[in-house]
Structure formats: C-alpha cells, structure tokens
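What follows is a short report on a single structure.
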Amino acid sequence: MITFDNVNKYYGNYHALNGISEHVSKGEVLVVCGPSGSGKSTLIRTINRLEPIASGHITVAGQDIHAPGLDVNAFRSHIGFVFQQFNLFPHLSVLANCALAPQRLRGLSKHKAEERAMALLERVGLAHKAQAMPAALSGGQQQRVAIARALAMQPPLMLFDEPTSALDPEMVGEVLQVMRDLAHGGMTMVCVTHEMGFAREVADRVWFMDHGQVLERGSPEAFFGSPQHPRAQQFLSDIRSPFTASAST
Amino acid sequence: MLELIQDYWLYFLVGRYPEGPLGGLALTVLLASLALVLSLPLGLLLGLARISPWRALRWPVTALIHVVRGIPLLLVIFWAYFFLPNLTGHESGQFTTMLVALVIFDGIYLAEIVRAGVQAVPKGQLEAARSLGLPYLSAMRTVILPQALRHMLPSLVNQFVSTIKETSLGYIIGLAEVSFVASQINGLVLTKPVQVYFLLGMTYFILCFSLSRAAFWLERRQARVLKAAA
Amino acid sequence: MLQFDLHLLLSGDYHDWLLSGLLLSLQLMAITLLLSLPLACGVAMLRLAPSRFLNALGATYVELIRNVPLLAHFLFWYFGAPELLPQAWKERLYAGNIEAISAIVALTLYTAAYMAEDIRSGIRAIPAQQFEAGRALGFSFLQTMRLCILPQALRLSLPPLLSQTLNLWQNTSIATVIGVAELMYQTQRVETASFRSVEAFAFASVAYLTVSLLISGLAALLQRRAA
C-alpha cells in the first residue's frame with residue numbers, strides 16, 4: 001500500500017528522516033514508536049504530503065505521490081488523517097464538521113452527506129452530539145469526531161499522529177476502542193503512538209524509530225518480547241520502568 | 001452657542017439637501033459607510049494575496065501595500081482627484097474622488113487586518129482542512145476565513161472609526177462633509193469660531209467614541225467566549 | 001499621456017519650493033516628536049496613577065483627542081483657540097507664525113494621545129516587582145517611574161512608537177489646510193503654477209515614501225536587534 005524508497009528529509013542541518021526504505025501492506029495495522037524527536041510524526045506527515053521530502057520516493061497505492069501531475073487535493077481526500085490536537089473546525093457543528101468534505105469534494109447533497117456523517121457518528125458513539133459545537137465536547141469526544149470526519153471520505157488508508165497524546169488518561173480508552181474497531185474491520189492504518197497496549201493488542205507490525213531511522217521492525221510479540229536493537233531495548237525499558245507510570249509524553 | 005445650534009443644526013446635519021447635494025454629518029456617515037462596505041472585499045482580496053503561497057501574487061501586492069502605506073491619505077486623494085478623470089474619461093465629482101481614494105487607502109489597511117486575522121487562526125485548522133483534501137481556496141473560504149472574520153470584528157469597527165475621521169479630508173477638495181460645512185457656518189457667523197469648531201469636535205467625538213466603545217465591548221465579549229471554550 | 005519632465009524637479013524655482021516644503025515637513029515632525037513624547041509619558045502616568053480622578057483625566061484626554069479627526073483639531077487650534085487668548089497675545093501670535101504654532105499644538109496633542117496608549121502598554125508590561133523594588137528603596141511614585149520603569153517601558157514601546165512616528169510623518173501633510181507651507185502645500189503650489197501635476201505629485205510621493213521607508217527600516221532593524 002505504502003512504499004518508502006530511500007526517503008530523506010532535513011530541517012536545516014538536522015537530518016530528520018535518514019534513508020527510510022520501508023513498505024506497508026494493504027490491510028496492515030502499523031504502529032510507529034520511538035523517543036521524542038525520532039522522526040515518527042515527520043514520517044507519517046510525509047505520507048499525505050503535509051511535509052515535503054528532500055529526496056527519495058513515496059508511493060501510495062502504486063502512485064508516486066510527488067509526481068508532477070498529481071492532484072494533491074484529490075490524493076489527500078483518499079487518505080484519512082487524525083491529528084494530535086483534533087483540529088475540529090470550531091465554527092461548525094459536529095455534524096457539519098463531518099459532512100463538509102463529502103459535500104464539497106464528493107458532490108454529495110447536503111442530505112446525503114449528513115446521512116453518511118450521522119452513520120459514522122453512530123459508529124463512534126456520538127450520534128447524540130451531532131448538533132453540538134466542538135467546544136462543548138470533551139477531548140476524547142472531539143477526537144472521536146475527528147476520526148468520524150476522516151472516515152466520512154471513505155479512505156482506504158488512515159493515518160493517526162499521536163491521537164491520544166493530548167487526552168486526559170481517562171479518555172484515552174474510548175479513542176483506542178474506536179481505532180481497534182477500525183483495525184478489526186480491515187482498515188490499513190499507520191499509527192504513531194505511545195500506547196504500547198494498543199500496539200501489542202491491535203498492531204500487525206511495529207516500527208521502532210530513532211534519529212530519523214527505522215531501527216527495528218517486526219511483529220508486536222517479537223518487538224516487545226525480545227527487542228534486538230540496543231536503543232529499542234533502552235526505549236522499552238524506559239517505558240516499563242516503575243518510575244514512569246504512563247508511556248505518554 | 002445655543003442659538004448657533006438652533007440656527008444651523010439642519011445645515012450641519014444634511015448640508016444643502018434637498019435644494020442641493022447631500023452634505024454635513026449625513027454625508028460624512030454615508031461616505032464612511034460606503035467606503036467601508038466597498039473596501040472590505042478589496043481588503044480581503046489583498047490580504048489573502050499577501051499571504052498566498054504564490055510568489056507571483058504575494059510580492060507585487062506586498063510592494064503595493066508598502067507604497068500606499070508610505071504616503072499620506074491626502075496625497076492619495078490628490079492623485080485620485082487629478083488622475084481619475086484621465087482614467088475614466090469623464091469628470092468625477094468630489095464624492096466619487098473621495099470614495100475611490102478611501103476605498104483604496106482603507107482596502108490596503110484592511111489587507112493588513114485580514115492578514116493578522118488569518119494568521120491568528122491556529123495552523124492545525126488549515127492542515128486539517130487540507131488533509132481532508134480541500135483545495136487551498138476552498139479551505140480558506142469554509143474553514144479559515146469564518147474564524148478569522150470573527151476575530152477581526154473589533155478591528156473592523158475600529159477601522160470604521162478611522163474611516164469616519166478620514167472623511168474629514170474631503171474638506172480639502174471642497175466636499176461638503178461635516179468639517180467643510182462647519183467652516184461654511186464659521187464663515188457666515190464669523191464671531192463664534194470657538195463654538196463652531198468645538199461643536200464640530202463634539203459631533204465627531206460622540207459618533208466615534210460610541211463606535212469605539214462598541215468595538216471594545218465586542219473585543220471583551222470575544223475574549224470571554226474564547227475563555228469559556230478553553 | 002503627459003511627458004514627465006524631470007528637470008522641473010531637479011533645479012529652479014519649483015525645485016526650491018518643493019525642497020523647502022519637505023524641510024518644513026521634517027521640522028514639523030521633529031518638533032512634534034520632541035514635544036509629544038514627554039507629554040505622552042505624562043498622560044500615560046496619569047492613567048496609571050493611584051488616583052481615580054487622575055486616571056479619568058488621562059482617559060478623557062486620550063478619548064477626546066483620538067475620536068476627533070486631525071483636520072478638525074487643526075481647524076480648532078487655528079480658527080478657534082487664538083480667539084480665546086488675551087488681546088496682546090493674540091496680536092503677537094497673528095504677527096508671528098500662527099499657522100506653524102497652531103499646527104504644532106494640534107499635532108503634538110494628537111500624537112501624544114496615541115503615544116500615551118503605547119507607553120502605557122509598555123509600562124504595564126513591566127512586572128509589578130520592578131515598581132515595588134523602586135518603592136522599597138525609598139523612591140516616590142514619580143521617581144520610581146522616571147528612574148526605573150520608564151526607561152524599560154520606552155524600550156518595550158519602541159516598535160509601536162515608531163509606528164506612531166510613521167503616522168505623524170503622514171499627518172504633517174494635513175497642516176496644509178491651515179496654510180502651513182509644508183510639502184503638500186508646496187506641491188499644490190507647484191501644480192497650480194506649472195500645471196505639472198504628475199511631476200509635483202511624484203516628487204511628494206517619493207519624498208513621503210522615502211522617509212516612511214527609513215522609519216520602517218529603523219523599526220525593523222530595532223526589532224531584529226531586540227530578538
């Protein structure tokens with residue numbers, strides 16, 4: 001589904017992504033983890049071109065995403081992206097947030113778009129909040145709406161950039177539940193997250209990144225059970241240390 | 001001062017209307033309102049051009065903004081007064097001249113207000129809109145501008161206050177706005193310049209002060225709404 | 001299209017008129033700056049003084065001045081105010097340079113009202129502990145202000161104050177209304193005498209723009225130094 005071919009990116013002199021060459025299969029649930037500044041958020045943001053790259057190629061569904069003739073907007077409309085800060089549109093109701101893109105980009109009538117939005121809100125358990133404004137919702141509710149908004153475009157691929165990092169601990173669960181249901185439904189997902197429980201339970205594969213490189217890749221059992229790379233081992237022991245109660249930053 | 005008001009209040013308010021064109025305070029308010037209404041779309045366009053991702057649009061507009069902001073409004077009025085007839089092919093009245101000058105001048109200042117308003121919207125909003133696949137202009141129209149305009153409302157009211165004060169420069173090209181009419185009255189009465197110009201000042205004060213209070217109230221209400229949402 | 005005659009601007013009578021106008025505009029700006037800064041500091045402190053009456057005084061000054069257009073100020077100080085003076089003063093004034101004096105009074109009061117607000121913001125940005133430190137040493141309110149707070153506040157207020165200077169520079173053009181022979185006045189004079197509107201206005205535009213860009217450039221330089 002996604003192929004990285006020797007992808008490099010720099011922030012000034014800092015080598016943010018260093019020769020990334022990886023592959024994500026269709027239907028796969030991939031978790032990308034690593035310490036702060038490892039480049040994991042940068043990597044996921046290159047997939048829908050929120051970040052440019054300096055060299056290399058990224059292919060999504062066989063298409064080189066930096067090809068000159070590519071319609072970037074159409075491309076993005078086929079990828080769902082969920083932000084750490086939710087980024088719901090505060091001036092629109094929850095329903096309008098979800099119905100906006102289908103209406104404007106897929107040409108759905110307002111009625112049809114809202115129908116689709118309502119169905120998705122049901123799916124994430126927030127149909128009763130359809131007319132509310134985002135400011136009236138809790139963080140966990142807002143993030144679930146954000147997921148529904150992304151799903152409204154019926155994308156074959158969903159990207160999650162630290163979706164629970166900005167949430168209070170008691171709300172993390174409700175969002176992870178939605179993500180788990182999505183995964184079980186066969187969605188191709190790439191998740192940057194610190195939630196190791198989710199990774200262990202739901203992920204098909206885990207990548208460990210540090211300093212712009214993917215240092216280790218493997219099944220969750222292999223990664224969590226017997227990490228090979230010394231930095232991965234350090235990372236996991238830091239997380240498991242009794243003195244750091246939660247894995248979130 | 002009372003007799004002054006009694007004798008000339010109508011002239012002060014509407015000029016020579018209905019025997020002649022509209023003048024006085026009514027003209028001032030009409031001119032300022034029209035200028036604001038017309039300069040808003042111009043300011044929006046210029047402000048968006050100023051921050052657009054296309055250099056070919058951004059650079060000339062930025063240069064234009066810096067040039068117009070570097071010269072006094074009076075000079076813009078004179079340029080309009082002397083060259084509008086050449087451009088349009090026929091004589092333009094003082095009102096039209098003043099209106100054109102104000103729309104250009106205020107449009108440029110509004111462009112900066114729009115720029116600040118748009119840049120104050122959190123970056124994540126545009127990213128979210130673009131991630132959904134919305135093209136840049138559509139994202140601006142449906143997501144960014146509605147939020148930006150709400151923030152800009154107090155600044156817009158303040159701009160209206162500035163515009164009302166700017167109409168006073170119509171005096172210099174003989175437009176019968178309220179300052180000009182006051183001078184006419186002074187020319188008729190001759191013995192009460194202090195009262196005449198004091199009343200002129202008071203008129204502007206009442207008009208502008210109430211508007212700037214409204215802007216202040218708007219700003220306070222917005223701050224409260226933002227705090228409640230946080 | 002009219003022909004652009006550069007020679008007109010580079011030598012001769014018209015050139016002299018325009019240059020003298022430019023000079024007078026610059027002088028107006030300089031004198032006003034010199035006078036309005038201390039006045040602005042004073043008004044700012046009035047608004048921050050511990051007395052409600054003084055606060056109201058300062059606020060009234062600012063609101064009265066700012067809500068009336070500069071042109072109306074000019075008209076008042078030129079046509080109206082001299083009438084209030086005792087006869088002897090009035091005669092001396094009319095014999096002397098009443099236009100320039102009225103212009104400077106109007107400009108100073110107007111500019112000071114705006115600068116006072118910027119200085120007040122600057123003062124309020126200084127942490128209260130600074131003021132407490134001054135008082136704790138034994139300085140009075142005014143001394144603390146003058147020695148400890150204002151120097152810091154003025155540095156903070158420099159960007160908006162430069163922006164006000166820019167406005168002041170452009171506002172000098174309105175003095176033409178009461179007959180001050182500054183740049184706008186001379187430009188009109190040249191235009192009337194020679195019918196060369198393009199050259200005259202071009203000169204004025206370049207002159208105003210140059211000084212404006214110099215002031216903006218100074219502001220940008222200071223901002224980069226402060227960062």
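Just remember, in the structure tokens the first chain shown is A, the second B, etc., residues are 1-based per chain, and ligands are 1-based in the order shown.
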Show which residues sit within 12 Å of Leu84 of chain B, as a short mmCIF file (atom, residue, chain, number, x, y, z; two decimals) with N, CA, C and O atoms, in the first residue's frame. Count only C-alpha atoms, and ignore same-chain residues fewer than 4 positions away.
```cif
data_model
loop_
_atom_site.label_atom_id
_atom_site.label_comp_id
_atom_site.auth_asym_id
_atom_site.auth_seq_id
_atom_site.Cartn_x
_atom_site.Cartn_y
_atom_site.Cartn_z
N VAL B 76 -2.97 60.51 -1.69
CA VAL B 76 -3.79 59.56 -2.44
C VAL B 76 -5.02 60.28 -2.99
O VAL B 76 -5.42 60.08 -4.14
N ILE B 77 -5.60 61.15 -2.17
CA ILE B 77 -6.78 61.91 -2.61
C ILE B 77 -6.41 62.79 -3.80
O ILE B 77 -7.15 62.87 -4.79
N PHE B 78 -5.27 63.44 -3.72
CA PHE B 78 -4.86 64.30 -4.84
C PHE B 78 -4.60 63.51 -6.10
O PHE B 78 -4.99 63.91 -7.19
N TRP B 79 -3.91 62.36 -5.96
CA TRP B 79 -3.71 61.51 -7.13
C TRP B 79 -5.06 61.19 -7.76
O TRP B 79 -5.26 61.30 -8.97
N ALA B 80 -6.02 60.78 -6.92
CA ALA B 80 -7.35 60.44 -7.43
C ALA B 80 -8.00 61.65 -8.08
O ALA B 80 -8.56 61.57 -9.17
N THR B 88 -10.98 57.50 -16.28
CA THR B 88 -12.35 57.12 -16.59
C THR B 88 -12.91 57.86 -17.80
O THR B 88 -13.94 57.50 -18.32
N GLY B 89 -12.21 58.92 -18.18
CA GLY B 89 -12.65 59.61 -19.39
C GLY B 89 -13.60 60.76 -19.15
O GLY B 89 -13.82 61.58 -20.02
N HIS B 90 -14.20 60.80 -17.98
CA HIS B 90 -15.03 61.99 -17.72
C HIS B 90 -14.82 62.52 -16.31
O HIS B 90 -14.22 61.86 -15.45
N GLU B 91 -15.34 63.69 -16.08
CA GLU B 91 -15.19 64.38 -14.80
C GLU B 91 -15.73 63.52 -13.66
O GLU B 91 -16.80 62.92 -13.77
N SER B 92 -15.00 63.45 -12.57
CA SER B 92 -15.56 62.78 -11.40
C SER B 92 -15.78 63.79 -10.30
O SER B 92 -14.92 64.62 -10.03
N GLY B 93 -16.91 63.73 -9.66
CA GLY B 93 -17.24 64.67 -8.59
C GLY B 93 -16.36 64.46 -7.38
O GLY B 93 -15.60 63.50 -7.30
N GLN B 94 -16.48 65.36 -6.43
CA GLN B 94 -15.65 65.26 -5.22
C GLN B 94 -15.99 64.01 -4.43
O GLN B 94 -15.12 63.35 -3.86
N THR B 96 -17.15 61.08 -5.55
CA THR B 96 -16.56 59.89 -6.18
C THR B 96 -15.07 59.82 -5.93
O THR B 96 -14.53 58.78 -5.58
N THR B 97 -14.40 60.98 -6.12
CA THR B 97 -12.96 61.03 -5.89
C THR B 97 -12.62 60.57 -4.49
O THR B 97 -11.76 59.72 -4.28
N MET B 98 -13.33 61.16 -3.53
CA MET B 98 -13.07 60.84 -2.13
C MET B 98 -13.34 59.36 -1.87
O MET B 98 -12.57 58.69 -1.18
N LEU B 99 -14.42 58.86 -2.45
CA LEU B 99 -14.78 57.46 -2.24
C LEU B 99 -13.70 56.53 -2.77
O LEU B 99 -13.26 55.60 -2.10
N VAL B 100 -13.26 56.81 -4.01
CA VAL B 100 -12.22 55.97 -4.60
C VAL B 100 -10.95 55.99 -3.75
O VAL B 100 -10.37 54.95 -3.44
N ALA B 101 -10.54 57.22 -3.34
CA ALA B 101 -9.32 57.33 -2.53
C ALA B 101 -9.47 56.55 -1.23
O ALA B 101 -8.57 55.82 -0.81
#
```
Legend entry - Contacts of Arg189 of chain C within 12 Å, only C-alpha atoms, excl. fewer than 4 positions in-chain, as a list in words: Asp13, Tyr14, His15, Asp16, Trp17, Leu18, Gly21, Thr176, Gly179, Val180, Ala181, Glu182, Leu183, Met184, Tyr185, Ala193, Ser194, Phe195, Arg196, Ser197, Ala200 and Phe201 of chain C
Inset, instruction - Please determine the contact residues of chain A with respect to chain B at a cut-off of 10 Å, counting only C-alpha atoms, and supply them as a PyMOL selection string. - result: chain A and resi 45+48-50+71-92+97+100-102+104-105+134-137+146+149-153+155
Please write the residues from the selection above to a file, keeping N, CA and C atoms, as a compact mmCIF listing (two decimals), in the first residue's frame.
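Wrote it out as selection.txt, contents follow:
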```
# COMPACT_ATOMS: atom_id res chain seq x y z
N ARG A 45 3.61 12.37 8.43
CA ARG A 45 3.12 13.56 7.75
C ARG A 45 3.63 13.65 6.33
N ASN A 48 0.88 12.03 3.55
CA ASN A 48 -0.15 12.82 2.86
C ASN A 48 0.38 14.20 2.46
N ARG A 49 1.72 14.26 2.38
CA ARG A 49 2.38 15.47 1.88
C ARG A 49 2.16 16.71 2.73
N LEU A 50 1.87 16.53 4.01
CA LEU A 50 1.87 17.70 4.90
C LEU A 50 3.30 18.17 5.10
N ASP A 71 -2.83 15.47 -8.58
CA ASP A 71 -3.74 16.42 -7.93
C ASP A 71 -3.67 16.16 -6.43
N VAL A 72 -2.96 17.04 -5.74
CA VAL A 72 -2.68 16.82 -4.33
C VAL A 72 -3.96 16.75 -3.50
N ASN A 73 -4.95 17.57 -3.88
CA ASN A 73 -6.18 17.59 -3.09
C ASN A 73 -6.95 16.29 -3.23
N ALA A 74 -7.06 15.81 -4.47
CA ALA A 74 -7.76 14.53 -4.69
C ALA A 74 -7.03 13.43 -3.94
N PHE A 75 -5.68 13.47 -4.02
CA PHE A 75 -4.87 12.47 -3.33
C PHE A 75 -5.17 12.48 -1.83
N ARG A 76 -5.14 13.69 -1.24
CA ARG A 76 -5.37 13.78 0.20
C ARG A 76 -6.76 13.34 0.60
N SER A 77 -7.73 13.56 -0.30
CA SER A 77 -9.11 13.21 0.07
C SER A 77 -9.28 11.70 0.18
N HIS A 78 -8.29 10.95 -0.31
CA HIS A 78 -8.38 9.50 -0.19
C HIS A 78 -7.56 8.95 0.97
N ILE A 79 -7.04 9.85 1.78
CA ILE A 79 -6.32 9.43 2.99
C ILE A 79 -6.96 10.12 4.18
N GLY A 80 -7.22 9.36 5.24
CA GLY A 80 -7.76 9.97 6.44
C GLY A 80 -6.62 10.30 7.39
N PHE A 81 -6.62 11.51 7.93
CA PHE A 81 -5.55 11.91 8.85
C PHE A 81 -6.15 12.39 10.15
N VAL A 82 -5.69 11.83 11.25
CA VAL A 82 -6.19 12.24 12.57
C VAL A 82 -5.05 12.89 13.33
N PHE A 83 -5.27 14.13 13.79
CA PHE A 83 -4.21 14.93 14.42
C PHE A 83 -4.19 14.75 15.93
N GLN A 84 -3.05 15.04 16.51
CA GLN A 84 -2.93 15.00 17.97
C GLN A 84 -3.85 16.02 18.60
N GLN A 85 -3.98 17.20 17.96
CA GLN A 85 -4.78 18.27 18.55
C GLN A 85 -6.21 18.30 18.00
N PHE A 86 -6.68 17.21 17.44
CA PHE A 86 -8.02 17.02 16.89
C PHE A 86 -8.29 17.96 15.70
N ASN A 87 -8.08 19.28 15.90
CA ASN A 87 -8.30 20.24 14.82
C ASN A 87 -9.69 20.18 14.21
N LEU A 88 -10.69 20.01 15.07
CA LEU A 88 -12.07 20.16 14.57
C LEU A 88 -12.30 21.63 14.24
N PHE A 89 -13.22 21.92 13.33
CA PHE A 89 -13.49 23.29 12.93
C PHE A 89 -14.47 23.89 13.94
N PRO A 90 -14.02 24.86 14.74
CA PRO A 90 -14.85 25.31 15.88
C PRO A 90 -16.10 26.05 15.49
N HIS A 91 -16.17 26.55 14.26
CA HIS A 91 -17.32 27.35 13.88
C HIS A 91 -18.41 26.49 13.25
N LEU A 92 -18.16 25.16 13.13
CA LEU A 92 -19.16 24.27 12.55
C LEU A 92 -19.58 23.26 13.60
N ASN A 97 -18.99 19.38 10.66
CA ASN A 97 -17.57 19.05 10.54
C ASN A 97 -17.39 17.79 9.70
N LEU A 100 -18.79 18.23 5.84
CA LEU A 100 -18.20 19.28 4.98
C LEU A 100 -17.50 18.71 3.75
N ALA A 101 -16.52 17.82 3.99
CA ALA A 101 -15.71 17.33 2.88
C ALA A 101 -16.52 16.48 1.90
N PRO A 102 -17.34 15.52 2.37
CA PRO A 102 -18.14 14.76 1.40
C PRO A 102 -19.00 15.65 0.52
N ARG A 104 -18.46 18.90 -0.28
CA ARG A 104 -17.72 19.79 -1.17
C ARG A 104 -16.86 19.04 -2.16
N LEU A 105 -16.38 17.85 -1.75
CA LEU A 105 -15.41 17.18 -2.61
C LEU A 105 -15.97 15.98 -3.33
N PRO A 134 -18.03 21.88 18.66
CA PRO A 134 -16.85 21.18 19.19
C PRO A 134 -16.44 21.64 20.59
N ALA A 135 -16.58 22.94 20.86
CA ALA A 135 -16.12 23.44 22.15
C ALA A 135 -16.86 22.81 23.31
N ALA A 136 -18.07 22.28 23.06
CA ALA A 136 -18.86 21.69 24.14
C ALA A 136 -18.47 20.24 24.43
N LEU A 137 -17.58 19.68 23.61
CA LEU A 137 -17.22 18.27 23.79
C LEU A 137 -15.93 18.11 24.56
N ALA A 146 -13.23 13.61 15.22
CA ALA A 146 -12.18 13.80 14.20
C ALA A 146 -12.00 12.53 13.41
N ARG A 149 -14.86 12.26 11.08
CA ARG A 149 -14.70 13.21 9.98
C ARG A 149 -13.77 12.65 8.91
N ALA A 150 -12.68 12.02 9.37
CA ALA A 150 -11.73 11.44 8.41
C ALA A 150 -12.37 10.27 7.67
N LEU A 151 -13.16 9.46 8.40
CA LEU A 151 -13.79 8.28 7.78
C LEU A 151 -14.87 8.66 6.79
N ALA A 152 -15.42 9.86 6.94
CA ALA A 152 -16.52 10.28 6.07
C ALA A 152 -16.13 10.28 4.60
N MET A 153 -14.84 10.39 4.34
CA MET A 153 -14.38 10.39 2.95
C MET A 153 -14.12 8.98 2.44
N PRO A 155 -11.84 6.63 3.14
CA PRO A 155 -10.47 6.42 2.65
C PRO A 155 -10.04 4.97 2.81
```
Inset, instruction - Would you mind listing what lies within 12 Å of segment 171-178 of chain A as a PyMOL selection string, with only C-alpha atoms counted and same-chain residues fewer than 4 positions away left out? - result: chain A and resi 82+84+86+120-126+137-148+151+160+162-167+182-185+187+191+193-199+201-203+246+248
Inset, instruction - With a distance cut-off of 9 Å and only C-alpha atoms, select the neighbouring residues of segment 232-236 of chain A, excluding the residue or stretch itself and same-chain residues fewer than 6 positions from it, and output the selection as a ChimeraX atom specification. - result: /A:34-35,208-210,215-216,223-224,226
Legend entry - Picked from segment 7-36 of chain A by DSSP as strand (DSSP E or B), as a PyMOL selection string: chain A and resi 7-11+14-24+29-33
Given the selection you just returned, output its residues as a file containing N, CA, C and O atoms, formatted as a short mmCIF file (atom, residue, chain, number, x, y, z; two decimals), in the first residue's frame.
```cif
data_model
loop_
_atom_site.label_atom_id
_atom_site.label_comp_id
_atom_site.auth_asym_id
_atom_site.auth_seq_id
_atom_site.Cartn_x
_atom_site.Cartn_y
_atom_site.Cartn_z
N VAL A 7 13.93 7.60 1.48
CA VAL A 7 13.38 8.94 1.74
C VAL A 7 14.27 9.68 2.74
O VAL A 7 14.63 9.15 3.78
N ASN A 8 14.65 10.90 2.36
CA ASN A 8 15.43 11.77 3.25
C ASN A 8 14.74 13.10 3.43
O ASN A 8 14.11 13.61 2.50
N LYS A 9 14.85 13.63 4.64
CA LYS A 9 14.31 14.96 4.90
C LYS A 9 15.21 15.67 5.89
O LYS A 9 15.75 15.07 6.81
N TYR A 10 15.37 16.98 5.69
CA TYR A 10 16.19 17.79 6.59
C TYR A 10 15.39 18.96 7.13
O TYR A 10 14.60 19.55 6.43
N TYR A 11 15.63 19.28 8.39
CA TYR A 11 15.19 20.56 8.93
C TYR A 11 16.45 21.38 9.10
O TYR A 11 17.18 21.20 10.06
N TYR A 14 19.55 19.53 10.37
CA TYR A 14 19.18 18.33 11.10
C TYR A 14 18.57 17.30 10.14
O TYR A 14 17.64 17.59 9.40
N HIS A 15 19.10 16.08 10.18
CA HIS A 15 18.65 15.03 9.28
C HIS A 15 17.45 14.34 9.90
O HIS A 15 17.57 13.38 10.65
N ALA A 16 16.25 14.82 9.57
CA ALA A 16 15.06 14.36 10.26
C ALA A 16 14.65 12.96 9.82
O ALA A 16 14.16 12.16 10.62
N LEU A 17 14.78 12.68 8.50
CA LEU A 17 14.48 11.33 8.01
C LEU A 17 15.69 10.86 7.22
O LEU A 17 16.13 11.54 6.30
N ASN A 18 16.23 9.72 7.60
CA ASN A 18 17.52 9.28 7.08
C ASN A 18 17.39 7.98 6.30
O ASN A 18 17.41 6.89 6.86
N GLY A 19 17.26 8.12 4.97
CA GLY A 19 17.26 6.93 4.11
C GLY A 19 16.21 5.90 4.44
O GLY A 19 16.49 4.70 4.51
N ILE A 20 14.97 6.36 4.64
CA ILE A 20 13.89 5.43 5.01
C ILE A 20 13.49 4.61 3.78
O ILE A 20 13.11 5.17 2.75
N SER A 21 13.58 3.30 3.89
CA SER A 21 13.10 2.41 2.82
C SER A 21 12.27 1.32 3.47
O SER A 21 12.82 0.38 4.06
N GLU A 22 10.98 1.48 3.39
CA GLU A 22 10.09 0.54 4.08
C GLU A 22 8.85 0.30 3.25
O GLU A 22 8.59 0.97 2.26
N HIS A 23 8.04 -0.63 3.73
CA HIS A 23 6.82 -0.98 3.00
C HIS A 23 5.69 -1.25 3.98
O HIS A 23 5.89 -1.86 5.03
N VAL A 24 4.51 -0.77 3.64
CA VAL A 24 3.32 -1.06 4.45
C VAL A 24 2.31 -1.76 3.54
O VAL A 24 1.97 -1.23 2.48
N VAL A 29 -2.03 -3.09 10.03
CA VAL A 29 -2.07 -2.06 11.08
C VAL A 29 -0.65 -1.89 11.58
O VAL A 29 -0.07 -2.80 12.18
N LEU A 30 -0.07 -0.73 11.29
CA LEU A 30 1.33 -0.48 11.66
C LEU A 30 1.39 0.53 12.78
O LEU A 30 0.74 1.56 12.71
N VAL A 31 2.17 0.21 13.81
CA VAL A 31 2.41 1.20 14.86
C VAL A 31 3.86 1.66 14.76
O VAL A 31 4.77 0.84 14.67
N VAL A 32 4.05 2.97 14.76
CA VAL A 32 5.40 3.53 14.73
C VAL A 32 5.66 4.14 16.10
O VAL A 32 4.90 5.00 16.55
N CYS A 33 6.72 3.67 16.76
CA CYS A 33 7.01 4.23 18.07
C CYS A 33 8.47 4.63 18.14
O CYS A 33 9.26 4.32 17.25
#
```
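You will find atom CA of Pro151 of chain C at 27.9 Å from atom CA of Thr172 of chain C.
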Please build the interface table for chain C against chain B with a cut-off of 6 Å, listing for each qualifying residue the nearest atom pair and the distance in Å to one decimal; count only C-alpha atoms, order rows by chain and increasing number, and write it as a Markdown table.
```
| residue | atom | partner | partner_atom | distance |
| --- | --- | --- | --- | --- |
| C:Asn67 | CA | B:Phe205 | CA | 5.0 |
| C:Val68 | CA | B:Tyr204 | CA | 5.3 |
| C:Pro69 | CA | B:Lys165 | CA | 4.7 |
| C:Phe76 | CA | B:Tyr197 | CA | 5.3 |
| C:Gly80 | CA | B:Val194 | CA | 4.1 |
| C:Gln170 | CA | B:Pro72 | CA | 4.7 |
| C:Tyr208 | CA | B:Ile71 | CA | 5.4 |
| C:Leu209 | CA | B:Gly70 | CA | 4.7 |
| C:Ser212 | CA | B:Gly70 | CA | 5.2 |
```
Legend entry - Contacts of segment 22-31 of chain C within 12 Å, only C-alpha atoms, excl. fewer than 2 positions in-chain, as a PyMOL selection string: chain C and resi 15-20+33-37+99-108+111+164-176+180-187+203-208+210-212
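Interatomic distance, atom CA of Trp207 of chain A against atom CA of Ala61 of chain A: 20.3 Å.
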Inset, instruction - List the neighbours of segment 115-121 of chain C out to 8 Å using only C-alpha atoms; skip same-chain residues closer than 2 positions along the sequence, and give me the result as a PyMOL selection string. - result: chain C and resi 36-37+39-45+47-48+62+111-113+123-125+153-154+157+160-161+164
Inset, instruction - Please provide as a ChimeraX atom specification all residues within 8 Å of Ala219 of chain C, with the sequence filter that same-chain residues fewer than 6 positions apart are discarded (counting only C-alpha atoms). - result: /C:158-159,162-163
Write to file, as a PDB file, in the first residue's frame, the residues of the selection just made, with N, CA, C and O atoms.
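So part.pdb came out as:
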```
ATOM      1  N   LEU C 158       9.089  50.860  21.892  1.00  0.00           N
ATOM      2  CA  LEU C 158       9.711  51.427  20.702  1.00  0.00           C
ATOM      3  C   LEU C 158       9.017  51.049  19.387  1.00  0.00           C
ATOM      4  O   LEU C 158       8.763  51.936  18.566  1.00  0.00           O
ATOM      5  N   PRO C 159       8.686  49.766  19.173  1.00  0.00           N
ATOM      6  CA  PRO C 159       8.011  49.459  17.901  1.00  0.00           C
ATOM      7  C   PRO C 159       6.699  50.228  17.688  1.00  0.00           C
ATOM      8  O   PRO C 159       6.553  50.868  16.647  1.00  0.00           O
ATOM      9  N   LEU C 162       7.440  53.887  17.015  1.00  0.00           N
ATOM     10  CA  LEU C 162       7.935  54.148  15.667  1.00  0.00           C
ATOM     11  C   LEU C 162       6.780  54.135  14.680  1.00  0.00           C
ATOM     12  O   LEU C 162       6.753  54.914  13.723  1.00  0.00           O
ATOM     13  N   SER C 163       5.821  53.256  14.928  1.00  0.00           N
ATOM     14  CA  SER C 163       4.644  53.211  14.072  1.00  0.00           C
ATOM     15  C   SER C 163       3.875  54.527  14.174  1.00  0.00           C
ATOM     16  O   SER C 163       3.379  55.054  13.171  1.00  0.00           O
TER      17      SER C 163
END
```
